>>> print(open('structure.cif').read())   # mmCIF, C-alpha atoms
data_structure
loop_
_atom_site.label_atom_id
_atom_site.label_comp_id
_atom_site.auth_asym_id
_atom_site.auth_seq_id
_atom_site.Cartn_x
_atom_site.Cartn_y
_atom_site.Cartn_z
CA MET A 3 -33.84 -15.72 -30.60
CA ALA A 4 -30.93 -17.60 -32.16
CA PHE A 5 -27.64 -15.96 -33.15
CA SER A 6 -25.71 -17.07 -36.21
CA TRP A 7 -21.95 -17.56 -35.98
CA LYS A 8 -21.57 -14.43 -38.10
CA THR A 9 -23.56 -12.44 -35.56
CA GLY A 10 -21.43 -13.88 -32.77
CA VAL A 11 -18.25 -12.80 -34.51
CA LYS A 12 -19.63 -9.29 -35.01
CA VAL A 13 -20.58 -9.06 -31.33
CA ALA A 14 -17.13 -10.28 -30.29
CA ILE A 15 -15.43 -7.76 -32.55
CA ALA A 16 -17.64 -4.96 -31.26
CA GLY A 17 -16.83 -5.96 -27.69
CA ALA A 18 -13.13 -6.02 -28.42
CA VAL A 19 -13.31 -2.60 -30.03
CA LEU A 20 -15.20 -1.17 -27.05
CA TYR A 21 -12.76 -2.73 -24.59
CA GLY A 22 -9.83 -1.51 -26.66
CA GLY A 23 -11.31 1.97 -26.61
CA TYR A 24 -11.75 1.78 -22.84
CA VAL A 25 -8.13 0.70 -22.38
CA ALA A 26 -6.89 3.36 -24.78
CA VAL A 27 -8.82 6.10 -22.98
CA ASN A 28 -7.51 5.05 -19.58
CA PHE A 29 -4.02 4.60 -21.00
CA GLY A 30 -4.19 8.10 -22.45
CA LEU A 31 -5.56 9.66 -19.26
CA GLY A 32 -2.96 7.97 -17.10
CA PHE A 33 -0.12 8.92 -19.39
CA TYR A 34 -1.40 12.50 -19.63
CA GLU A 35 -1.57 12.86 -15.83
CA LEU A 36 2.01 11.66 -15.46
CA ALA A 37 3.33 13.60 -18.44
CA THR A 38 1.89 16.87 -17.09
CA PHE A 39 2.62 16.14 -13.42
CA TYR A 40 5.92 18.05 -13.54
CA ASP A 41 4.74 21.04 -15.58
CA THR A 42 6.28 24.01 -13.82
CA GLU A 43 2.99 25.89 -13.58
CA LYS A 44 1.23 22.87 -12.05
CA ILE A 45 3.72 21.22 -9.72
CA THR A 46 2.80 23.21 -6.62
CA GLU A 47 -0.76 21.94 -6.73
CA ASN A 48 0.13 18.54 -8.17
CA PHE A 49 2.60 17.71 -5.41
CA ARG A 50 -0.04 18.16 -2.72
CA THR A 51 -2.92 16.52 -4.58
CA SER A 52 -1.29 13.34 -5.91
CA SER A 53 -4.03 11.23 -4.38
CA ALA A 54 -6.60 12.88 -6.63
CA LYS A 55 -4.64 11.99 -9.74
CA PHE A 56 -3.33 8.46 -9.23
CA PRO A 57 -4.57 5.21 -7.63
CA HIS A 58 -3.37 4.91 -4.04
CA SER A 59 -3.69 3.19 -0.71
CA VAL A 60 -4.27 4.89 2.65
CA ILE A 61 -2.10 4.48 5.75
CA LYS A 62 -4.47 4.93 8.68
CA THR A 63 -3.70 6.76 11.92
CA SER A 64 -4.62 5.92 15.49
CA THR A 65 -3.92 8.27 18.43
CA PRO A 66 -1.59 11.10 17.39
CA TRP A 67 1.56 11.86 19.37
CA GLU A 68 1.98 15.62 19.71
CA PHE A 69 5.06 17.82 19.63
CA LYS A 70 5.35 20.61 22.18
CA ARG A 71 5.53 24.19 20.93
CA ALA A 72 7.74 27.16 21.72
CA GLU A 73 7.80 28.97 18.40
CA GLN A 74 10.53 31.50 17.73
CA THR A 75 12.41 33.05 14.85
CA ILE A 76 15.17 31.06 13.23
CA PRO A 77 18.45 32.40 11.80
CA GLN A 78 17.76 34.37 8.64
CA GLN A 79 21.26 34.34 7.21
CA TYR A 80 23.71 31.60 6.32
CA GLU A 81 26.99 31.31 4.46
CA TYR A 82 27.49 29.38 1.25
CA ASP A 83 30.19 29.47 -1.39
CA GLY A 84 31.85 32.37 0.40
CA LYS A 85 28.71 34.50 0.34
CA THR A 86 26.17 35.57 2.94
CA LYS A 87 22.71 34.41 1.88
CA ASP A 88 19.18 35.31 2.98
CA LEU A 89 17.15 32.31 4.11
CA ASP A 90 13.73 33.64 3.12
CA GLU A 91 14.97 34.42 -0.38
CA PHE A 92 16.38 30.92 -0.72
CA LEU A 93 13.17 29.32 0.56
CA GLU A 94 11.26 31.22 -2.11
CA LEU A 95 13.82 30.42 -4.79
CA THR A 96 13.56 26.67 -4.08
CA GLY A 97 9.76 26.68 -4.09
CA THR A 98 9.37 25.81 -0.42
CA THR A 99 5.83 24.82 0.58
CA GLY A 100 6.53 23.89 4.20
CA LEU A 101 9.38 24.29 6.70
CA LEU A 102 9.44 22.81 10.20
CA VAL A 103 12.22 23.03 12.79
CA VAL A 104 12.05 20.85 15.90
CA LYS A 105 14.42 20.72 18.88
CA ASP A 106 14.04 18.46 21.90
CA ASP A 107 10.51 17.45 20.83
CA THR A 108 9.51 21.10 20.59
CA ILE A 109 8.45 22.88 17.42
CA LEU A 110 10.48 26.05 17.17
CA PHE A 111 9.33 27.06 13.71
CA GLU A 112 6.50 25.94 11.43
CA GLU A 113 5.50 27.82 8.32
CA TYR A 114 3.64 27.01 5.10
CA TYR A 115 3.91 28.70 1.72
CA GLN A 116 2.27 28.73 -1.73
CA GLY A 117 -1.13 27.83 -0.32
CA GLU A 118 0.07 24.74 1.55
CA LYS A 119 -1.66 23.85 4.84
CA ASP A 120 -0.53 21.79 7.81
CA THR A 121 -3.04 19.07 6.92
CA ASP A 122 -1.84 18.70 3.33
CA ARG A 123 -0.09 15.48 2.38
CA HIS A 124 2.77 16.50 0.13
CA ASN A 125 4.46 14.10 -2.28
CA MET A 126 7.78 13.19 -0.66
CA PHE A 127 9.19 11.36 -3.68
CA SER A 128 12.37 9.51 -2.60
CA VAL A 129 11.94 10.33 1.09
CA THR A 130 9.67 7.28 0.76
CA LYS A 131 12.80 5.15 0.44
CA SER A 132 13.82 5.89 4.02
CA PHE A 133 10.45 4.63 5.31
CA VAL A 134 10.97 1.41 3.32
CA SER A 135 14.44 1.04 4.82
CA ALA A 136 12.98 1.23 8.33
CA LEU A 137 10.56 -1.57 7.46
CA ILE A 138 13.43 -3.79 6.32
CA GLY A 139 15.19 -3.33 9.65
CA ILE A 140 11.98 -4.31 11.42
CA ALA A 141 11.49 -7.37 9.19
CA ILE A 142 15.03 -8.53 10.00
CA GLU A 143 14.36 -8.10 13.70
CA ASP A 144 11.14 -10.12 13.25
CA GLY A 145 13.17 -12.98 11.76
CA LEU A 146 11.64 -12.65 8.30
CA ILE A 147 14.94 -11.82 6.58
CA GLU A 148 17.98 -13.81 7.66
CA SER A 149 20.76 -11.52 6.42
CA ILE A 150 21.26 -8.54 4.13
CA ASP A 151 24.17 -10.48 2.68
CA ASP A 152 21.71 -12.98 1.23
CA PRO A 153 20.96 -12.73 -2.49
CA ILE A 154 17.70 -10.94 -3.19
CA THR A 155 16.43 -13.95 -5.15
CA LYS A 156 16.31 -15.95 -1.92
CA TYR A 157 13.26 -13.84 -1.03
CA VAL A 158 12.10 -12.74 -4.49
CA PRO A 159 12.40 -15.75 -6.84
CA LYS A 160 10.72 -13.72 -9.58
CA LEU A 161 14.00 -11.87 -10.05
CA LYS A 162 15.91 -14.97 -11.13
CA GLY A 163 17.29 -14.43 -14.61
CA SER A 164 17.08 -10.65 -14.28
CA GLY A 165 19.92 -8.21 -13.64
CA TYR A 166 19.21 -8.64 -9.92
CA ASP A 167 20.00 -12.36 -9.99
CA GLY A 168 22.87 -12.93 -7.55
CA VAL A 169 22.87 -9.38 -6.16
CA ILE A 170 22.89 -9.28 -2.36
CA ILE A 171 20.39 -7.19 -0.40
CA ARG A 172 23.16 -4.98 1.05
CA ASP A 173 24.18 -3.77 -2.40
CA ILE A 174 20.57 -2.98 -3.27
CA LEU A 175 20.10 -1.07 -0.01
CA THR A 176 23.16 1.07 -0.78
CA MET A 177 22.27 1.81 -4.40
CA SER A 178 25.21 -0.31 -5.51
CA SER A 179 23.30 -3.02 -7.35
CA GLY A 180 25.17 -2.59 -10.63
CA ILE A 181 21.83 -2.41 -12.48
CA ARG A 182 21.72 -0.40 -15.67
CA PHE A 183 19.06 2.27 -15.58
CA THR A 184 18.97 4.86 -18.33
CA GLU A 185 17.37 8.20 -17.46
CA ASP A 186 17.14 9.74 -20.92
CA TYR A 187 13.74 11.44 -20.87
CA GLY A 188 14.04 12.19 -24.60
CA ASP A 189 14.24 8.50 -25.50
CA LEU A 190 10.83 6.85 -25.26
CA SER A 191 12.50 3.43 -24.94
CA SER A 192 14.75 4.50 -22.03
CA ASP A 193 14.32 2.75 -18.70
CA VAL A 194 12.93 5.81 -16.92
CA ASN A 195 10.26 6.30 -19.61
CA ARG A 196 9.36 2.61 -19.62
CA MET A 197 9.01 2.76 -15.85
CA SER A 198 6.87 5.89 -16.04
CA MET A 199 4.72 4.22 -18.66
CA ALA A 200 4.15 1.25 -16.36
CA ILE A 201 3.01 3.55 -13.56
CA ALA A 202 0.86 5.78 -15.76
CA THR A 203 -0.91 3.03 -17.64
CA GLY A 204 -1.71 0.61 -14.83
CA GLY A 205 1.17 -1.76 -15.52
CA SER A 206 3.29 -3.77 -13.10
CA LEU A 207 6.44 -2.34 -11.56
CA ASP A 208 7.36 -5.86 -10.46
CA ASP A 209 7.44 -6.91 -14.10
CA PHE A 210 9.42 -3.81 -15.01
CA ALA A 211 12.05 -4.63 -12.36
CA THR A 212 12.53 -8.11 -13.83
CA SER A 213 13.30 -6.57 -17.23
CA LEU A 214 16.40 -4.68 -16.07
CA ILE A 215 19.94 -5.87 -16.75
CA SER A 216 23.29 -5.47 -15.02
CA GLU A 217 26.03 -3.14 -16.25
CA ARG A 218 28.73 -3.43 -13.57
CA GLU A 219 29.90 -5.53 -10.64
CA PRO A 220 27.53 -5.06 -7.65
CA GLY A 221 28.96 -3.40 -4.56
CA THR A 222 31.55 -1.31 -6.42
CA PHE A 223 29.83 1.92 -7.45
CA ASN A 224 27.16 4.13 -5.91
CA ASN A 225 24.70 4.71 -8.76
CA TYR A 226 21.26 5.94 -7.75
CA VAL A 227 18.76 3.51 -9.28
CA SER A 228 15.31 4.14 -7.82
CA VAL A 229 14.03 0.73 -8.90
CA ASP A 230 16.41 -0.81 -6.36
CA THR A 231 13.98 0.35 -3.68
CA HIS A 232 11.05 -1.19 -5.52
CA VAL A 233 12.89 -4.51 -5.43
CA LEU A 234 13.28 -4.09 -1.66
CA GLY A 235 9.53 -3.48 -1.50
CA MET A 236 8.91 -6.71 -3.43
CA MET A 237 11.00 -8.52 -0.83
CA LEU A 238 9.03 -7.03 2.07
CA VAL A 239 5.71 -8.03 0.54
CA ASN A 240 6.94 -11.60 0.04
CA VAL A 241 8.41 -12.10 3.51
CA THR A 242 5.61 -10.38 5.47
CA GLY A 243 2.65 -11.58 3.41
CA LYS A 244 1.28 -8.05 3.74
CA THR A 245 1.09 -4.96 1.60
CA LEU A 246 3.69 -2.28 2.32
CA THR A 247 0.82 -0.05 3.43
CA ASP A 248 -0.42 -2.51 6.04
CA TYR A 249 3.08 -3.32 7.30
CA LEU A 250 4.00 0.36 7.64
CA GLN A 251 0.71 1.11 9.38
CA GLU A 252 1.19 -1.74 11.84
CA LYS A 253 4.88 -1.32 12.58
CA ILE A 254 5.51 2.44 12.42
CA TRP A 255 2.59 4.67 11.53
CA GLN A 256 0.27 3.85 14.40
CA PRO A 257 2.90 2.93 17.04
CA ILE A 258 4.60 6.35 16.80
CA GLY A 259 1.32 8.27 16.60
CA MET A 260 1.40 9.76 13.13
CA GLU A 261 -1.06 12.64 13.00
CA HIS A 262 -2.49 12.31 9.50
CA GLU A 263 -3.31 9.49 7.16
CA GLY A 264 -0.56 8.80 4.66
CA ILE A 265 -1.17 8.34 0.93
CA TRP A 266 0.80 5.76 -1.05
CA ALA A 267 0.57 5.58 -4.85
CA ILE A 268 0.07 2.07 -6.26
CA ASP A 269 0.62 0.50 -9.66
CA GLY A 270 -1.93 -1.40 -11.74
CA GLU A 271 -1.60 -4.51 -9.57
CA GLY A 272 -1.97 -2.71 -6.25
CA MET A 273 1.75 -2.70 -5.44
CA GLU A 274 2.96 0.45 -3.73
CA VAL A 275 5.43 2.67 -5.57
CA ALA A 276 8.12 1.91 -3.00
CA MET A 277 10.72 4.11 -4.66
CA GLY A 278 8.85 7.38 -4.16
CA GLY A 279 5.08 7.20 -3.96
CA MET A 280 4.22 8.43 -0.47
CA SER A 281 2.48 11.72 0.34
CA VAL A 282 2.81 12.76 3.97
CA SER A 283 2.20 15.83 6.12
CA LEU A 284 5.16 17.93 7.26
CA ARG A 285 4.82 17.11 10.96
CA ASP A 286 4.58 13.40 10.20
CA MET A 287 7.81 13.65 8.22
CA ALA A 288 9.37 15.14 11.36
CA ARG A 289 8.02 12.25 13.42
CA LEU A 290 10.07 9.80 11.36
CA GLY A 291 13.04 12.09 11.96
CA ARG A 292 12.37 11.91 15.70
CA LEU A 293 12.21 8.12 15.56
CA TYR A 294 15.68 8.03 13.98
CA LEU A 295 17.06 10.76 16.24
CA HIS A 296 16.24 8.43 19.13
CA GLU A 297 17.82 5.48 17.30
CA GLY A 298 14.53 3.71 16.67
CA ASN A 299 13.14 4.12 20.18
CA TRP A 300 9.79 5.81 20.69
CA ASN A 301 9.15 6.85 24.29
CA GLY A 302 10.58 3.59 25.62
CA GLU A 303 9.17 1.32 22.91
CA ARG A 304 11.59 -0.21 20.46
CA ILE A 305 10.24 0.38 16.94
CA VAL A 306 13.32 0.03 14.70
CA PRO A 307 16.46 -1.83 15.88
CA ALA A 308 19.07 0.67 17.11
CA GLN A 309 21.87 -0.98 15.16
CA TRP A 310 19.81 -0.82 12.00
CA VAL A 311 19.33 2.93 12.47
CA LYS A 312 23.06 3.43 13.00
CA ASP A 313 23.96 1.32 9.97
CA SER A 314 21.34 3.07 7.85
CA VAL A 315 22.85 6.51 8.35
CA THR A 316 26.52 5.47 8.21
CA PRO A 317 28.27 4.92 4.86
CA SER A 318 30.14 1.62 5.10
CA ALA A 319 32.37 1.38 2.02
CA PRO A 320 34.68 3.71 0.08
CA HIS A 321 32.25 4.13 -2.82
CA LEU A 322 29.55 5.24 -0.36
CA MET A 323 31.53 8.00 1.33
CA ALA A 324 30.70 11.69 1.01
CA GLY A 325 32.87 13.97 -1.05
CA PHE A 326 32.88 15.76 -4.38
CA ASN A 327 35.83 13.76 -5.65
CA ASN A 328 34.76 10.20 -4.87
CA PRO A 329 35.50 8.16 -8.03
CA GLY A 330 33.19 5.39 -6.87
CA SER A 331 30.05 7.51 -6.67
CA ASP A 332 27.92 9.67 -8.94
CA THR A 333 26.99 11.95 -6.02
CA PRO A 334 28.92 14.09 -3.50
CA TYR A 335 26.73 12.83 -0.65
CA GLY A 336 27.32 9.79 1.50
CA TYR A 337 24.88 6.92 1.38
CA GLY A 338 23.80 4.31 3.91
CA PHE A 339 20.69 2.13 3.79
CA GLN A 340 18.40 4.50 1.86
CA TRP A 341 19.55 7.49 3.93
CA TRP A 342 22.02 10.21 2.92
CA THR A 343 24.80 12.09 4.69
CA PRO A 344 25.83 15.66 3.71
CA SER A 345 28.80 16.39 1.47
CA LYS A 346 30.50 17.68 4.63
CA PRO A 347 29.02 15.45 7.33
CA ARG A 348 29.21 16.04 11.08
CA GLY A 349 27.20 13.06 12.24
CA ASP A 350 24.03 14.42 10.62
CA TYR A 351 21.99 12.71 7.93
CA MET A 352 18.83 13.10 5.88
CA ALA A 353 16.10 11.55 3.81
CA SER A 354 15.84 13.35 0.49
CA GLY A 355 13.51 13.50 -2.50
CA ILE A 356 13.55 15.27 -5.84
CA TYR A 357 12.31 18.85 -6.08
CA HIS A 358 13.72 19.37 -2.57
CA GLN A 359 11.87 17.25 -0.03
CA PHE A 360 13.91 16.69 3.14
CA ILE A 361 13.95 15.18 6.60
CA TYR A 362 17.20 16.42 8.15
CA VAL A 363 18.41 15.04 11.48
CA ASP A 364 21.32 16.40 13.54
CA PRO A 365 21.94 14.27 16.65
CA SER A 366 24.61 16.70 17.93
CA THR A 367 21.96 19.40 18.44
CA ASN A 368 18.79 17.26 18.75
CA ILE A 369 17.36 19.20 15.82
CA ILE A 370 15.08 17.90 13.07
CA ILE A 371 14.21 19.96 10.01
CA ALA A 372 11.50 18.93 7.54
CA LYS A 373 11.04 20.72 4.24
CA THR A 374 8.59 20.20 1.38
CA SER A 375 8.97 21.99 -1.91
CA ALA A 376 7.72 22.47 -5.45
CA ASN A 377 10.94 23.81 -6.92
CA LYS A 378 10.18 25.06 -10.42
CA GLY A 379 13.88 25.44 -11.18
CA PHE A 380 14.84 21.95 -10.06
CA THR A 381 15.74 20.62 -13.51
CA ASN A 382 17.77 23.69 -14.49
CA PRO A 383 21.47 22.65 -14.57
CA GLU A 384 22.38 26.05 -13.15
CA ASN A 385 20.63 25.04 -9.92
CA LYS A 386 22.43 21.73 -9.41
CA MET A 387 24.09 22.99 -6.21
CA GLN A 388 20.81 24.01 -4.55
CA LYS A 389 20.56 20.69 -2.72
CA ASP A 390 24.01 21.13 -1.24
CA GLU A 391 23.19 24.73 -0.32
CA THR A 392 19.96 23.63 1.36
CA ILE A 393 21.76 21.06 3.49
CA SER A 394 24.45 23.58 4.40
CA ALA A 395 21.73 26.03 5.49
CA PHE A 396 20.15 23.30 7.64
CA GLN A 397 23.52 22.61 9.29
CA GLN A 398 24.00 26.27 10.13
CA ILE A 399 20.46 26.70 11.42
CA ALA A 400 20.90 23.73 13.75
CA LYS A 401 24.29 24.89 14.98
CA ARG A 402 23.15 28.43 15.71
CA LEU A 403 19.94 27.39 17.45
CA ALA A 404 21.95 25.07 19.68
CA ALA A 405 24.49 27.82 20.38
CA ASP A 406 21.75 30.31 21.27
CA GLU A 407 20.42 27.91 23.88
#
>>> encode(input="structure.cif", output="structure tokens")
Amino acid sequence: MAFSWKTGVKVAIAGAVLYGGYVAVNFGLGFYELATFYDTEKITENFRTSSAKFPHSVIKTSTPWEFKRAEQTIPQQYEYDGKTKDLDEFLELTGTTGLLVVKDDTILFEEYYQGEKDTDRHNMFSVTKSFVSALIGIAIEDGLIESIDDPITKYVPKLKGSGYDGVIIRDILTMSSGIRFTEDYGDLSSDVNRMSMAIATGGSLDDFATSLISEREPGTFNNYVSVDTHVLGMMLVNVTGKTLTDYLQEKIWQPIGMEHEGIWAIDGEGMEVAMGGMSVSLRDMARLGRLYLHEGNWNGERIVPAQWVKDSVTPSAPHLMAGFNNPGSDTPYGYGFQWWTPSKPRGDYMASGIYHQFIYVDPSTNIIIAKTSANKGFTNPENKMQKDETISAFQQIAKRLAADE
């Protein structure tokens, strides 16, 4: 049966319409999932079921390494802002879903809330950044990256002509890239909404990163731009020739005996959301804390270079120092290589994610605290000091447990 050219055109148009409808439906579904992901009545479930809502990769386990157990009560009161506070009340107020306290490789306290279970993989958001940082230290040790004082374009040529052109890796690691990133959620053309759109609709975060421009001299101001970490992820993929998932699995996940598979959200081109896409169990979060507590050594095996660990948790320039009155920073917390220090540091440090996800490490007491949360009041300006209060509570818990011993 022969088709006329008119019939061919009609078929082509019909195909285009059907394809357009398919794209529109998937676009709409993806955007809807992301737009409703932070609804206060849904976040508790959403944060532990991210893998059911978004495309992802899986970080596979091997033989788990186990903590010892000697469970006990932990201090129930702490001081903040001149007041005595109740820990359980604060855990409830901040939407805690899991709390784990470890000392000397021994779990002292492990509790789950709001229906969370020990096998759940909770979205860690920006705690993911600290895992990426560890991989960069390993890649340097493997000779794949010559120096963090090299320009990023040496390893990611795609960024030439973008705001990242000429920016050195060190300044990207320390959130001092000088990149402009607008976080106006009410403006659909803002950078944060364009980025969210790329994730929700199967776009490319690599392409999004190349669209950003510079607004200040790199290395002069600590401005938290999450896309900086995605750029670091682009570099790792280029220098290793592997996905971030495979590199993490090979270099950290299996060598330190993570207990559960990790989940890592990916964009439309299969690139991991390096800035905050990992979902991990509470005990596995603590295992990363243990790795850093021991300066990158795992039971005699060197996993992350010791100097890299030290540099990662030590602010190295005035604009990176902790303090509420630092004119070179938009945060009261110190910043290293994708790791934070408290506003009043004592050699302790933490990985931190929005809605109150934490891996807190205190080398002076050998204590690690991991916390996952679905804090419904997170975006309320009245609660802006809750992060500082949480860290202060961690410091006091660690100090008192060490004193009791």
>>> closest_residue(input="structure.cif", among="A:Glu274, A:Glu91, A:Asp208, A:Glu68", to="A:Val158", atoms="only C-alpha atoms")
A:Asp208
>>> resolve_selection(input="structure.cif", expression="the PyMOL selection byres ((chain A and resi 146) around 12)", output="ChimeraX atom specification")
/A:137-145,147-150,156-157,237-243
>>> closest_residue(input="structure.cif", among="A:Leu93, A:Ala308, A:Ala211, A:Met352", to="A:Met197", atoms="only C-alpha atoms")
A:Ala211
>>> residues_around(input="structure.cif", residues="A:Ala267", least_positions_apart="3", cutoff="7 Å", atoms="all atoms listed in the file", output="list of chain:residue names")
A:Phe56, A:Pro57, A:His58, A:Ser59, A:Glu274, A:Val275, A:Gly279, A:Met280
>>> resolve_selection(input="structure.cif", expression="the PyMOL selection byres ((chain A and resi 296) around 12)", output="PyMOL selection string")
chain A and resi 106-107+289-295+297-309+311-312+363-366+368-370
>>> write_last_selection(input="structure.cif", atoms="C-alpha atoms", output="compact mmCIF listing (two decimals), in the coordinates of the input")
# COMPACT_ATOMS: atom_id res chain seq x y z
CA ASP A 106 14.04 18.46 21.90
CA ASP A 107 10.51 17.45 20.83
CA ARG A 289 8.02 12.25 13.42
CA LEU A 290 10.07 9.80 11.36
CA GLY A 291 13.04 12.09 11.96
CA ARG A 292 12.37 11.91 15.70
CA LEU A 293 12.21 8.12 15.56
CA TYR A 294 15.68 8.03 13.98
CA LEU A 295 17.06 10.76 16.24
CA GLU A 297 17.82 5.48 17.30
CA GLY A 298 14.53 3.71 16.67
CA ASN A 299 13.14 4.12 20.18
CA TRP A 300 9.79 5.81 20.69
CA ASN A 301 9.15 6.85 24.29
CA GLY A 302 10.58 3.59 25.62
CA GLU A 303 9.17 1.32 22.91
CA ARG A 304 11.59 -0.21 20.46
CA ILE A 305 10.24 0.38 16.94
CA VAL A 306 13.32 0.03 14.70
CA PRO A 307 16.46 -1.83 15.88
CA ALA A 308 19.07 0.67 17.11
CA GLN A 309 21.87 -0.98 15.16
CA VAL A 311 19.33 2.93 12.47
CA LYS A 312 23.06 3.43 13.00
CA VAL A 363 18.41 15.04 11.48
CA ASP A 364 21.32 16.40 13.54
CA PRO A 365 21.94 14.27 16.65
CA SER A 366 24.61 16.70 17.93
CA ASN A 368 18.79 17.26 18.75
CA ILE A 369 17.36 19.20 15.82
CA ILE A 370 15.08 17.90 13.07
>>> closest_residue(input="structure.cif", among="A:Ala404, A:Ala376, A:Val194, A:Ile268", to="A:Gly97", atoms="all atoms listed in the file")
A:Ala376
>>> resolve_selection(input="structure.cif", expression="the PyMOL selection byres ((chain A and resi 115) around 7)", output="PyMOL selection string")
chain A and resi 98-100+113-114+116-118
>>> write_last_selection(input="structure.cif", atoms="C-alpha atoms", output="PDB file, in the frame of the given file")
ATOM      1  CA  THR A  98       9.370  25.810  -0.420  1.00  0.00           C
ATOM      2  CA  THR A  99       5.830  24.820   0.580  1.00  0.00           C
ATOM      3  CA  GLY A 100       6.530  23.890   4.200  1.00  0.00           C
ATOM      4  CA  GLU A 113       5.500  27.820   8.320  1.00  0.00           C
ATOM      5  CA  TYR A 114       3.640  27.010   5.100  1.00  0.00           C
ATOM      6  CA  GLN A 116       2.270  28.730  -1.730  1.00  0.00           C
ATOM      7  CA  GLY A 117      -1.130  27.830  -0.320  1.00  0.00           C
ATOM      8  CA  GLU A 118       0.070  24.740   1.550  1.00  0.00           C
TER       9      GLU A 118
END
>>> atom_distance(input="structure.cif", atom1="atom CA of A:Ser314", atom2="atom CA of A:Trp341")
6.2 Å
>>> closest_residue(input="structure.cif", among="A:Thr381, A:Ser228, A:Ser206, A:Thr38", to="A:Gly278", atoms="all atoms listed in the file")
A:Ser228
>>> atom_distance(input="structure.cif", atom1="atom CA of A:Ile45", atom2="atom CA of A:Thr184")
24.0 Å
>>> residues_around(input="structure.cif", residues="A:Ala372", least_positions_apart="3", cutoff="8 Å", atoms="only C-alpha atoms", output="PyMOL selection string")
chain A and resi 100-103+284-285+287-288+359-362
>>> decode(input="structure.cif", residues="stretch 341-352 of chain A", atoms="N, CA, C and O atoms", output="compact mmCIF listing (two decimals), in the first residue's frame")
# COMPACT_ATOMS: atom_id res chain seq x y z
N TRP A 341 32.92 20.40 54.43
CA TRP A 341 32.60 20.08 55.81
C TRP A 341 32.50 21.38 56.60
O TRP A 341 33.18 22.35 56.28
N TRP A 342 31.67 21.38 57.65
CA TRP A 342 31.44 22.55 58.47
C TRP A 342 32.13 22.44 59.83
O TRP A 342 32.38 21.32 60.31
N THR A 343 32.35 23.58 60.48
CA THR A 343 32.71 23.59 61.90
C THR A 343 31.64 24.41 62.62
O THR A 343 31.00 25.29 62.04
N PRO A 344 31.41 24.14 63.91
CA PRO A 344 30.37 24.88 64.66
C PRO A 344 30.69 26.36 64.77
O PRO A 344 31.82 26.80 64.53
N SER A 345 29.68 27.14 65.17
CA SER A 345 29.89 28.57 65.37
C SER A 345 30.88 28.82 66.51
O SER A 345 31.58 29.83 66.53
N LYS A 346 30.92 27.88 67.46
CA LYS A 346 31.89 27.93 68.55
C LYS A 346 32.65 26.59 68.55
O LYS A 346 32.37 25.69 69.33
N PRO A 347 33.63 26.47 67.67
CA PRO A 347 34.29 25.17 67.47
C PRO A 347 35.24 24.82 68.61
O PRO A 347 35.81 25.68 69.28
N ARG A 348 35.41 23.51 68.79
CA ARG A 348 36.39 23.00 69.77
C ARG A 348 37.13 21.81 69.17
O ARG A 348 37.41 20.82 69.85
N GLY A 349 37.39 21.90 67.87
CA GLY A 349 38.02 20.81 67.16
C GLY A 349 37.02 19.85 66.57
O GLY A 349 37.39 18.87 65.91
N ASP A 350 35.73 20.12 66.75
CA ASP A 350 34.67 19.26 66.20
C ASP A 350 34.23 19.79 64.85
O ASP A 350 34.53 20.92 64.47
N TYR A 351 33.48 18.99 64.13
CA TYR A 351 33.06 19.36 62.78
C TYR A 351 31.85 18.52 62.39
O TYR A 351 31.49 17.56 63.08
N MET A 352 31.23 18.86 61.26
CA MET A 352 30.04 18.12 60.86
C MET A 352 29.77 18.23 59.37
O MET A 352 30.17 19.19 58.71
